[in-house]
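Visitor: Provided herewith is a single structure, encoded as structure tokens, for subsequent inquiry.
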Amino acid sequence: MAEELPHRHATLDEVAALAGVSRSVASRVINNAPHVSRAKRESVEKAIRKLGYVPDPKARALATRQAGAAALVISRDDPEVLTDPFFGQLIAGVAGALEEADLHMMLCVAATPRGRERVEQLVRSRLVDGVMLTASHEDDPLARIAKEGPLPVVFGGRPVDFEPRWYVDIDNVGGAREATEHLLARGRTRVVTICGPQDTEVARSRHRGYREAMTLAGLAPRPPEAGDFSEAAGAAAMTRLLKAHPDLDGVVAANDNMAAGALRALRGAGRSVPEDVAVVGFDDLAVAQLTDPALTTIHQPIRDLGREMARMLVGVVAGRTAGPLILPTHLVKRSST
């Protein structure tokens, strides 16, 4: 008589696969954690019965420590930051990915010292399983808190001060280089740039892309004018550039809002776009199609940026290996060049 094979216990991954849910959702159902829809809970319970799954006590002890939520922290001094379409798209990407994982999203805008204190308390109290931090500046206390805190942190954009273990960014240098090269290919040789705040890595990287393109073309990069990424700042910077370089024939702006402000200032100064001055923005926000003329710009996948930040965090919380991810950009040609 053949020897009877030992019974193999079903695994959590098998339960999740049969139920058609993620591993984290199956784990939360098994551990009776909150934040799981009724339909998914019933599917998992059915799979447990069918497979005869028995939870591992050690794994269960670990799983019950999870909060079932993740925090998206936007570190900006401007309390009106959520009116920026960039952050609207970013939040949509994060929310979609967390919904797929059945995790709740906690949104925090740290615009004041009190706001930063609340974020620190959130991190240290473990009310969430992990944090996504974006829009950080040089010497940002939140970056330090995130770096030294007990929870995993995924950065949206590389910080200025250090190289984090986990971050998602876009090719800022390559995008700004392509924007500048586009103007040079159009015969523009007196190209200037409106850069963002130089205490942010995104602004530094986009300025670096401009400088590289100009240098490779054998042209001297001109000193930039900086703005805070707002349309008003773009208009003011453009006015200063016209005064300093009245012969300019091309402008690379570090984002679409400042490019829109530059178009307004050029029109006010009697300069025709693109006949006299060609303008390129960065982001490909809705405003790029509403300006007059429509704005040539660098498209960055903002929603994908948020989605990949959330997916990376979910993977890290689940114990999977992750590393930095850089998303590509591309030029969108419109009437301003």
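Ordering of the structure tokens sets the chain letters (A, B, ...); residue numbers start at 1 within each chain; ligands are numbered from 1 in the order shown.
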Within 10 Å of Asp13 in chain A, counting only C-alpha atoms, which residues qualify if same-chain residues fewer than 3 places away don't, as a list in words?
Guide: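 The residues satisfying every condition are Ala10, Ala16, Ala17, Leu18, Ala19, Val21, Ser22, Arg23, Ser24, Ala26 and Ser27 of chain A.
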Visitor: As a JSON list (two decimals) with N, CA and C atoms, in the first residue's frame, please: the residues near Ala71 in chain A (cut-off 10 Å, only C-alpha atoms, same-chain neighbours under 3 positions excluded).
Guide:
[["chain", "number", "residue", "atom", "x", "y", "z"],
["A", 74, "ILE", "N", 1.97, 66.31, 2.09],
["A", 74, "ILE", "CA", 2.46, 67.34, 1.17],
["A", 74, "ILE", "C", 3.11, 68.42, 2.00],
["A", 94, "VAL", "N", -2.44, 58.37, -6.19],
["A", 94, "VAL", "CA", -2.23, 57.69, -4.91],
["A", 94, "VAL", "C", -3.50, 57.00, -4.46],
["A", 104, "HIS", "N", -6.86, 52.70, 3.23],
["A", 104, "HIS", "CA", -7.39, 54.05, 3.32],
["A", 104, "HIS", "C", -6.26, 55.06, 3.15],
["A", 105, "MET", "N", -6.58, 56.23, 2.59],
["A", 105, "MET", "CA", -5.59, 57.29, 2.44],
["A", 105, "MET", "C", -5.86, 58.40, 3.44],
["A", 106, "MET", "N", -4.82, 58.79, 4.15],
["A", 106, "MET", "CA", -4.89, 59.94, 5.03],
["A", 106, "MET", "C", -4.07, 61.05, 4.39],
["A", 107, "LEU", "N", -4.70, 62.19, 4.10],
["A", 107, "LEU", "CA", -4.04, 63.30, 3.43],
["A", 107, "LEU", "C", -3.66, 64.37, 4.45],
["A", 108, "CYS", "N", -2.38, 64.75, 4.46],
["A", 108, "CYS", "CA", -1.89, 65.77, 5.40],
["A", 108, "CYS", "C", -1.14, 66.84, 4.62],
["A", 119, "VAL", "N", 1.99, 65.88, 11.82],
["A", 119, "VAL", "CA", 2.53, 64.80, 10.99],
["A", 119, "VAL", "C", 3.52, 63.96, 11.80],
["A", 122, "LEU", "N", 1.68, 61.71, 13.98],
["A", 122, "LEU", "CA", 1.07, 60.64, 13.19],
["A", 122, "LEU", "C", 2.09, 59.54, 12.92],
["A", 123, "VAL", "N", 3.29, 59.94, 12.51],
["A", 123, "VAL", "CA", 4.32, 58.96, 12.19],
["A", 123, "VAL", "C", 4.71, 58.15, 13.42],
["A", 127, "LEU", "N", -0.36, 55.31, 13.48],
["A", 127, "LEU", "CA", -1.76, 55.27, 13.07],
["A", 127, "LEU", "C", -1.90, 54.91, 11.60],
["A", 128, "VAL", "N", -0.79, 54.88, 10.87],
["A", 128, "VAL", "CA", -0.77, 54.45, 9.48],
["A", 128, "VAL", "C", 0.35, 53.43, 9.31],
["A", 129, "ASP", "N", 0.29, 52.68, 8.22],
["A", 129, "ASP", "CA", 1.30, 51.66, 7.97],
["A", 129, "ASP", "C", 2.54, 52.22, 7.27],
["A", 130, "GLY", "N", 2.42, 53.38, 6.67],
["A", 130, "GLY", "CA", 3.54, 53.98, 5.97],
["A", 130, "GLY", "C", 3.17, 55.37, 5.50],
["A", 131, "VAL", "N", 4.17, 56.09, 5.00],
["A", 131, "VAL", "CA", 4.01, 57.49, 4.62],
["A", 131, "VAL", "C", 4.56, 57.73, 3.22],
["A", 132, "MET", "N", 3.86, 58.56, 2.44],
["A", 132, "MET", "CA", 4.38, 59.10, 1.19],
["A", 132, "MET", "C", 4.58, 60.59, 1.40],
["A", 133, "LEU", "N", 5.79, 61.07, 1.17],
["A", 133, "LEU", "CA", 6.12, 62.47, 1.42],
["A", 133, "LEU", "C", 6.54, 63.14, 0.12],
["A", 153, "VAL", "N", 8.89, 55.08, 4.53],
["A", 153, "VAL", "CA", 8.53, 56.32, 3.85],
["A", 153, "VAL", "C", 8.97, 56.25, 2.40],
["A", 310, "ALA", "N", 2.38, 55.00, -4.27],
["A", 310, "ALA", "CA", 1.53, 54.17, -3.42],
["A", 310, "ALA", "C", 1.85, 52.69, -3.59]]
Visitor: List as CSV every residue of range 261-315 of chain A that is in contact with range 169-185 of chain A, defined as an atom at most 12 Å from one of its atoms (using only C-alpha atoms), together with the nearest atom pair and the distance in Å rounded to one decimal, sorted by chain and then rising number.
Guide:
residue,atom,partner,partner_atom,distance
A:Pro274,CA,A:Leu183,CA,10.5
A:Val277,CA,A:Leu183,CA,9.9
A:Ala278,CA,A:Leu183,CA,7.2
A:Val279,CA,A:Leu183,CA,8.1
A:Val280,CA,A:Ala179,CA,6.4
A:Gly281,CA,A:Ala179,CA,7.9
A:Phe282,CA,A:Ala176,CA,7.7
A:Asp283,CA,A:Gly175,CA,9.6
A:Asp284,CA,A:Gly175,CA,11.6
A:Leu295,CA,A:Ala179,CA,11.9
A:Thr296,CA,A:Ala179,CA,8.8
A:Thr297,CA,A:Ala179,CA,7.3
A:Ile298,CA,A:Gly175,CA,6.2
A:His299,CA,A:Gly175,CA,8.3
A:Gln300,CA,A:Ile170,CA,7.0
A:Pro301,CA,A:Ile170,CA,8.0
A:Ile302,CA,A:Ile170,CA,8.8
A:Arg303,CA,A:Ile170,CA,11.6
A:Asp304,CA,A:Ile170,CA,9.9
A:Leu305,CA,A:Asp169,CA,7.0
A:Gly306,CA,A:Asp169,CA,9.8
A:Arg307,CA,A:Asp169,CA,11.7
A:Glu308,CA,A:Asp169,CA,9.5
A:Met309,CA,A:Asp169,CA,9.0
Visitor: How would the residues just picked look written out with N, CA and C atoms as a PDB file, in the first residue's frame?
Guide:
ATOM      1  N   PRO A 274       4.863  82.684 -31.123  1.00  0.00           N
ATOM      2  CA  PRO A 274       6.292  82.393 -31.015  1.00  0.00           C
ATOM      3  C   PRO A 274       7.183  83.220 -31.949  1.00  0.00           C
ATOM      4  N   VAL A 277       9.454  85.471 -29.516  1.00  0.00           N
ATOM      5  CA  VAL A 277       9.969  84.653 -28.407  1.00  0.00           C
ATOM      6  C   VAL A 277       9.180  83.342 -28.359  1.00  0.00           C
ATOM      7  N   ALA A 278       9.888  82.227 -28.328  1.00  0.00           N
ATOM      8  CA  ALA A 278       9.252  80.915 -28.184  1.00  0.00           C
ATOM      9  C   ALA A 278       9.315  80.480 -26.723  1.00  0.00           C
ATOM     10  N   VAL A 279       8.252  79.822 -26.252  1.00  0.00           N
ATOM     11  CA  VAL A 279       8.157  79.475 -24.829  1.00  0.00           C
ATOM     12  C   VAL A 279       7.811  77.996 -24.669  1.00  0.00           C
ATOM     13  N   VAL A 280       8.520  77.341 -23.740  1.00  0.00           N
ATOM     14  CA  VAL A 280       8.236  75.944 -23.388  1.00  0.00           C
ATOM     15  C   VAL A 280       8.008  75.856 -21.886  1.00  0.00           C
ATOM     16  N   GLY A 281       6.986  75.119 -21.483  1.00  0.00           N
ATOM     17  CA  GLY A 281       6.710  74.896 -20.066  1.00  0.00           C
ATOM     18  C   GLY A 281       7.119  73.499 -19.642  1.00  0.00           C
ATOM     19  N   PHE A 282       6.600  73.078 -18.485  1.00  0.00           N
ATOM     20  CA  PHE A 282       6.921  71.748 -17.955  1.00  0.00           C
ATOM     21  C   PHE A 282       5.763  71.303 -17.079  1.00  0.00           C
ATOM     22  N   ASP A 283       5.250  70.125 -17.313  1.00  0.00           N
ATOM     23  CA  ASP A 283       4.202  69.431 -16.547  1.00  0.00           C
ATOM     24  C   ASP A 283       3.104  68.898 -17.456  1.00  0.00           C
ATOM     25  N   ASP A 284       2.685  69.717 -18.458  1.00  0.00           N
ATOM     26  CA  ASP A 284       1.542  69.393 -19.310  1.00  0.00           C
ATOM     27  C   ASP A 284       0.250  69.345 -18.503  1.00  0.00           C
ATOM     28  N   LEU A 295       0.425  76.099 -25.129  1.00  0.00           N
ATOM     29  CA  LEU A 295       1.796  75.989 -24.655  1.00  0.00           C
ATOM     30  C   LEU A 295       2.460  74.669 -25.032  1.00  0.00           C
ATOM     31  N   THR A 296       3.595  74.763 -25.716  1.00  0.00           N
ATOM     32  CA  THR A 296       4.475  73.606 -25.859  1.00  0.00           C
ATOM     33  C   THR A 296       5.044  73.307 -24.485  1.00  0.00           C
ATOM     34  N   THR A 297       5.092  72.033 -24.106  1.00  0.00           N
ATOM     35  CA  THR A 297       5.491  71.712 -22.742  1.00  0.00           C
ATOM     36  C   THR A 297       6.080  70.309 -22.664  1.00  0.00           C
ATOM     37  N   ILE A 298       6.666  70.013 -21.531  1.00  0.00           N
ATOM     38  CA  ILE A 298       7.169  68.671 -21.243  1.00  0.00           C
ATOM     39  C   ILE A 298       6.111  67.936 -20.429  1.00  0.00           C
ATOM     40  N   HIS A 299       5.653  66.826 -20.959  1.00  0.00           N
ATOM     41  CA  HIS A 299       4.646  66.035 -20.239  1.00  0.00           C
ATOM     42  C   HIS A 299       5.336  65.161 -19.202  1.00  0.00           C
ATOM     43  N   GLN A 300       4.860  65.271 -17.987  1.00  0.00           N
ATOM     44  CA  GLN A 300       5.295  64.314 -16.971  1.00  0.00           C
ATOM     45  C   GLN A 300       4.067  63.550 -16.482  1.00  0.00           C
ATOM     46  N   PRO A 301       4.203  62.250 -16.226  1.00  0.00           N
ATOM     47  CA  PRO A 301       3.054  61.419 -15.840  1.00  0.00           C
ATOM     48  C   PRO A 301       2.724  61.591 -14.358  1.00  0.00           C
ATOM     49  N   ILE A 302       2.012  62.662 -14.033  1.00  0.00           N
ATOM     50  CA  ILE A 302       1.779  63.018 -12.628  1.00  0.00           C
ATOM     51  C   ILE A 302       0.940  61.955 -11.920  1.00  0.00           C
ATOM     52  N   ARG A 303      -0.132  61.513 -12.575  1.00  0.00           N
ATOM     53  CA  ARG A 303      -0.979  60.496 -11.938  1.00  0.00           C
ATOM     54  C   ARG A 303      -0.207  59.205 -11.724  1.00  0.00           C
ATOM     55  N   ASP A 304       0.631  58.848 -12.705  1.00  0.00           N
ATOM     56  CA  ASP A 304       1.468  57.655 -12.553  1.00  0.00           C
ATOM     57  C   ASP A 304       2.458  57.821 -11.408  1.00  0.00           C
ATOM     58  N   LEU A 305       2.951  59.037 -11.222  1.00  0.00           N
ATOM     59  CA  LEU A 305       3.866  59.314 -10.118  1.00  0.00           C
ATOM     60  C   LEU A 305       3.201  58.968  -8.790  1.00  0.00           C
ATOM     61  N   GLY A 306       1.966  59.449  -8.590  1.00  0.00           N
ATOM     62  CA  GLY A 306       1.247  59.123  -7.372  1.00  0.00           C
ATOM     63  C   GLY A 306       0.951  57.642  -7.250  1.00  0.00           C
ATOM     64  N   ARG A 307       0.540  57.041  -8.368  1.00  0.00           N
ATOM     65  CA  ARG A 307       0.213  55.613  -8.356  1.00  0.00           C
ATOM     66  C   ARG A 307       1.435  54.770  -7.971  1.00  0.00           C
ATOM     67  N   GLU A 308       2.586  55.092  -8.559  1.00  0.00           N
ATOM     68  CA  GLU A 308       3.788  54.295  -8.286  1.00  0.00           C
ATOM     69  C   GLU A 308       4.307  54.531  -6.873  1.00  0.00           C
ATOM     70  N   MET A 309       4.138  55.745  -6.350  1.00  0.00           N
ATOM     71  CA  MET A 309       4.496  55.983  -4.953  1.00  0.00           C
ATOM     72  C   MET A 309       3.698  55.060  -4.036  1.00  0.00           C
TER      73      MET A 309
END
Visitor: Within 12 Å of range 138-146 of chain A, counting only C-alpha atoms, which residues qualify if same-chain residues fewer than 6 places away don't, as a ChimeraX atom specification?
Guide: /A:71-77,108-124,130-132,152-166,197-204
Visitor: Rounded to one decimal, what separation in Å do you get between CA of Gly68 in chain A and CA of Arg126 in chain A?
Guide: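 CA of Arg126 in chain A lies 10.8 Å from CA of Gly68 in chain A.
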Visitor: So, with only C-alpha atoms as the atoms that count, which of A:Ala69, A:Leu242, A:Val273, A:Phe87 lies closest to Arg334 in chain A?
Guide: A:Val273
Visitor: Do a neighbour search on Pro221 in chain A at 10 Å with only C-alpha atoms, toss out local chain neighbours closer than 2 positions, and write the hits as a ChimeraX atom specification.
Guide: /A:190-193,207,210-215,218-219,223-224
Visitor: Can you write out the residues you just picked, keeping all heavy atoms, as a compact mmCIF listing (two decimals), in the first residue's frame?
Guide:
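part.txt, written as the output of this step:
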# COMPACT_ATOMS: atom_id res chain seq x y z
N ARG A 190 19.26 82.58 -28.10
CA ARG A 190 19.33 83.44 -26.90
C ARG A 190 18.21 82.99 -25.94
O ARG A 190 17.24 83.69 -25.69
CB ARG A 190 19.19 84.91 -27.29
CG ARG A 190 20.30 85.36 -28.26
CD ARG A 190 20.17 86.81 -28.69
NE ARG A 190 18.93 87.08 -29.42
CZ ARG A 190 18.75 86.83 -30.72
NH1 ARG A 190 19.73 86.28 -31.44
NH2 ARG A 190 17.61 87.13 -31.31
N VAL A 191 18.41 81.78 -25.44
CA VAL A 191 17.39 81.12 -24.62
C VAL A 191 17.67 81.37 -23.14
O VAL A 191 18.79 81.18 -22.67
CB VAL A 191 17.35 79.61 -24.91
CG1 VAL A 191 16.29 78.93 -24.04
CG2 VAL A 191 17.08 79.35 -26.39
N VAL A 192 16.64 81.79 -22.43
CA VAL A 192 16.74 82.02 -20.99
C VAL A 192 15.84 81.02 -20.26
O VAL A 192 15.07 80.29 -20.89
CB VAL A 192 16.34 83.46 -20.62
CG1 VAL A 192 17.25 84.46 -21.30
CG2 VAL A 192 14.87 83.72 -21.01
N THR A 193 15.94 81.02 -18.94
CA THR A 193 15.11 80.08 -18.18
C THR A 193 14.53 80.74 -16.93
O THR A 193 15.17 81.59 -16.31
CB THR A 193 15.90 78.82 -17.77
OG1 THR A 193 15.03 77.88 -17.14
CG2 THR A 193 17.03 79.16 -16.81
N HIS A 207 16.84 73.08 -13.87
CA HIS A 207 17.84 74.09 -14.25
C HIS A 207 19.08 73.41 -14.81
O HIS A 207 19.69 73.89 -15.78
CB HIS A 207 18.20 74.94 -13.03
CG HIS A 207 19.10 76.08 -13.35
ND1 HIS A 207 20.02 76.58 -12.46
CD2 HIS A 207 19.24 76.82 -14.48
CE1 HIS A 207 20.69 77.57 -13.03
NE2 HIS A 207 20.23 77.74 -14.24
N TYR A 210 18.56 72.50 -18.46
CA TYR A 210 18.72 73.69 -19.32
C TYR A 210 20.21 73.97 -19.55
O TYR A 210 20.65 74.19 -20.68
CB TYR A 210 18.03 74.88 -18.66
CG TYR A 210 18.52 76.23 -19.17
CD1 TYR A 210 18.07 76.75 -20.38
CD2 TYR A 210 19.44 76.98 -18.42
CE1 TYR A 210 18.53 77.99 -20.85
CE2 TYR A 210 19.88 78.22 -18.87
CZ TYR A 210 19.43 78.71 -20.09
OH TYR A 210 19.89 79.92 -20.54
N ARG A 211 20.99 73.98 -18.48
CA ARG A 211 22.42 74.30 -18.59
C ARG A 211 23.14 73.28 -19.47
O ARG A 211 23.98 73.64 -20.29
CB ARG A 211 23.08 74.35 -17.21
CG ARG A 211 22.60 75.47 -16.31
CD ARG A 211 23.57 75.72 -15.16
NE ARG A 211 24.00 74.48 -14.52
CZ ARG A 211 23.40 73.92 -13.49
NH1 ARG A 211 22.31 74.47 -12.99
NH2 ARG A 211 23.89 72.81 -12.95
N GLU A 212 22.80 72.01 -19.30
CA GLU A 212 23.46 70.97 -20.09
C GLU A 212 23.19 71.16 -21.58
O GLU A 212 24.11 71.04 -22.41
CB GLU A 212 22.99 69.59 -19.64
CG GLU A 212 23.53 69.15 -18.29
CD GLU A 212 23.06 67.76 -17.91
OE1 GLU A 212 22.35 67.12 -18.72
OE2 GLU A 212 23.39 67.31 -16.78
N ALA A 213 21.94 71.42 -21.94
CA ALA A 213 21.59 71.58 -23.35
C ALA A 213 22.29 72.79 -23.96
O ALA A 213 22.81 72.72 -25.09
CB ALA A 213 20.07 71.72 -23.51
N MET A 214 22.33 73.88 -23.24
CA MET A 214 22.99 75.08 -23.75
C MET A 214 24.49 74.84 -23.93
O MET A 214 25.08 75.19 -24.95
CB MET A 214 22.76 76.25 -22.80
CG MET A 214 21.31 76.72 -22.71
SD MET A 214 20.72 77.53 -24.23
CE MET A 214 21.54 79.14 -24.09
N THR A 215 25.11 74.21 -22.94
CA THR A 215 26.55 73.96 -22.99
C THR A 215 26.90 73.02 -24.12
O THR A 215 27.88 73.24 -24.86
CB THR A 215 27.03 73.38 -21.64
OG1 THR A 215 26.72 74.31 -20.60
CG2 THR A 215 28.52 73.12 -21.66
N GLY A 218 27.17 74.62 -27.36
CA GLY A 218 28.22 75.64 -27.48
C GLY A 218 27.75 77.03 -27.13
O GLY A 218 28.39 78.02 -27.52
N LEU A 219 26.66 77.12 -26.38
CA LEU A 219 26.11 78.41 -25.98
C LEU A 219 26.25 78.59 -24.47
O LEU A 219 26.18 77.62 -23.71
CB LEU A 219 24.63 78.51 -26.37
CG LEU A 219 24.33 78.40 -27.87
CD1 LEU A 219 22.82 78.27 -28.09
CD2 LEU A 219 24.89 79.61 -28.61
N PRO A 223 22.04 83.53 -16.75
CA PRO A 223 21.58 83.44 -15.35
C PRO A 223 20.07 83.35 -15.29
O PRO A 223 19.37 84.09 -15.98
CB PRO A 223 22.09 84.75 -14.73
CG PRO A 223 23.24 85.16 -15.59
CD PRO A 223 22.88 84.72 -16.98
N PRO A 224 19.54 82.47 -14.46
CA PRO A 224 18.09 82.28 -14.40
C PRO A 224 17.41 83.33 -13.54
O PRO A 224 18.05 84.02 -12.76
CB PRO A 224 17.95 80.90 -13.76
CG PRO A 224 19.11 80.84 -12.81
CD PRO A 224 20.25 81.55 -13.54
Visitor: Which residue, A:Ala135, A:Cys195, A:Ala235, A:Val316, has the smallest gap to Arg267 in chain A when you use only C-alpha atoms?
Guide: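 So, comparing all the options, the nearest one is A:Ala235.
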Visitor: To one decimal place, how far is CA of Val81 in chain A from CA of Leu266 in chain A in Å?
Guide: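 Spanning CA of Val81 in chain A to CA of Leu266 in chain A is a straight-line distance of 26.5 Å.
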Visitor: Please provide the set of residues having any atom within 10 Å of range 50-54 of chain A, restricted to only C-alpha atoms, with same-chain residues fewer than 6 positions apart removed, written as a ChimeraX atom specification.
Guide: /A:9-12,14-15,18,30,44
Visitor: How about saving the chosen residues, N, CA, C and O atoms kept, as a PDB file, in the first residue's frame?
Guide:
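Resulting contents of again34.pdb:
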ATOM      1  N   HIS A   9      -0.672  22.343   3.842  1.00  0.00           N
ATOM      2  CA  HIS A   9      -1.576  23.415   4.242  1.00  0.00           C
ATOM      3  C   HIS A   9      -1.650  24.482   3.151  1.00  0.00           C
ATOM      4  O   HIS A   9      -0.649  24.796   2.507  1.00  0.00           O
ATOM      5  N   ALA A  10      -2.845  25.016   2.947  1.00  0.00           N
ATOM      6  CA  ALA A  10      -3.015  26.119   1.990  1.00  0.00           C
ATOM      7  C   ALA A  10      -2.274  27.349   2.499  1.00  0.00           C
ATOM      8  O   ALA A  10      -2.092  27.537   3.703  1.00  0.00           O
ATOM      9  N   THR A  11      -1.840  28.166   1.543  1.00  0.00           N
ATOM     10  CA  THR A  11      -1.106  29.384   1.898  1.00  0.00           C
ATOM     11  C   THR A  11      -2.002  30.608   1.763  1.00  0.00           C
ATOM     12  O   THR A  11      -3.051  30.575   1.107  1.00  0.00           O
ATOM     13  N   LEU A  12      -1.546  31.700   2.358  1.00  0.00           N
ATOM     14  CA  LEU A  12      -2.275  32.961   2.257  1.00  0.00           C
ATOM     15  C   LEU A  12      -2.340  33.433   0.811  1.00  0.00           C
ATOM     16  O   LEU A  12      -3.366  33.975   0.373  1.00  0.00           O
ATOM     17  N   GLU A  14      -2.512  31.590  -1.813  1.00  0.00           N
ATOM     18  CA  GLU A  14      -3.526  30.788  -2.498  1.00  0.00           C
ATOM     19  C   GLU A  14      -4.926  31.272  -2.154  1.00  0.00           C
ATOM     20  O   GLU A  14      -5.815  31.296  -3.019  1.00  0.00           O
ATOM     21  N   VAL A  15      -5.131  31.629  -0.903  1.00  0.00           N
ATOM     22  CA  VAL A  15      -6.429  32.193  -0.497  1.00  0.00           C
ATOM     23  C   VAL A  15      -6.701  33.475  -1.275  1.00  0.00           C
ATOM     24  O   VAL A  15      -7.798  33.677  -1.825  1.00  0.00           O
ATOM     25  N   LEU A  18      -7.497  32.741  -5.027  1.00  0.00           N
ATOM     26  CA  LEU A  18      -8.826  32.167  -5.228  1.00  0.00           C
ATOM     27  C   LEU A  18      -9.914  33.208  -5.000  1.00  0.00           C
ATOM     28  O   LEU A  18     -10.929  33.231  -5.718  1.00  0.00           O
ATOM     29  N   ILE A  30      -8.574  37.797   7.353  1.00  0.00           N
ATOM     30  CA  ILE A  30      -8.240  36.699   8.258  1.00  0.00           C
ATOM     31  C   ILE A  30      -8.043  37.203   9.680  1.00  0.00           C
ATOM     32  O   ILE A  30      -8.423  36.544  10.656  1.00  0.00           O
ATOM     33  N   VAL A  44     -13.052  36.273   0.417  1.00  0.00           N
ATOM     34  CA  VAL A  44     -11.934  35.677   1.150  1.00  0.00           C
ATOM     35  C   VAL A  44     -12.426  34.577   2.083  1.00  0.00           C
ATOM     36  O   VAL A  44     -11.826  33.496   2.167  1.00  0.00           O
TER      37      VAL A  44
END
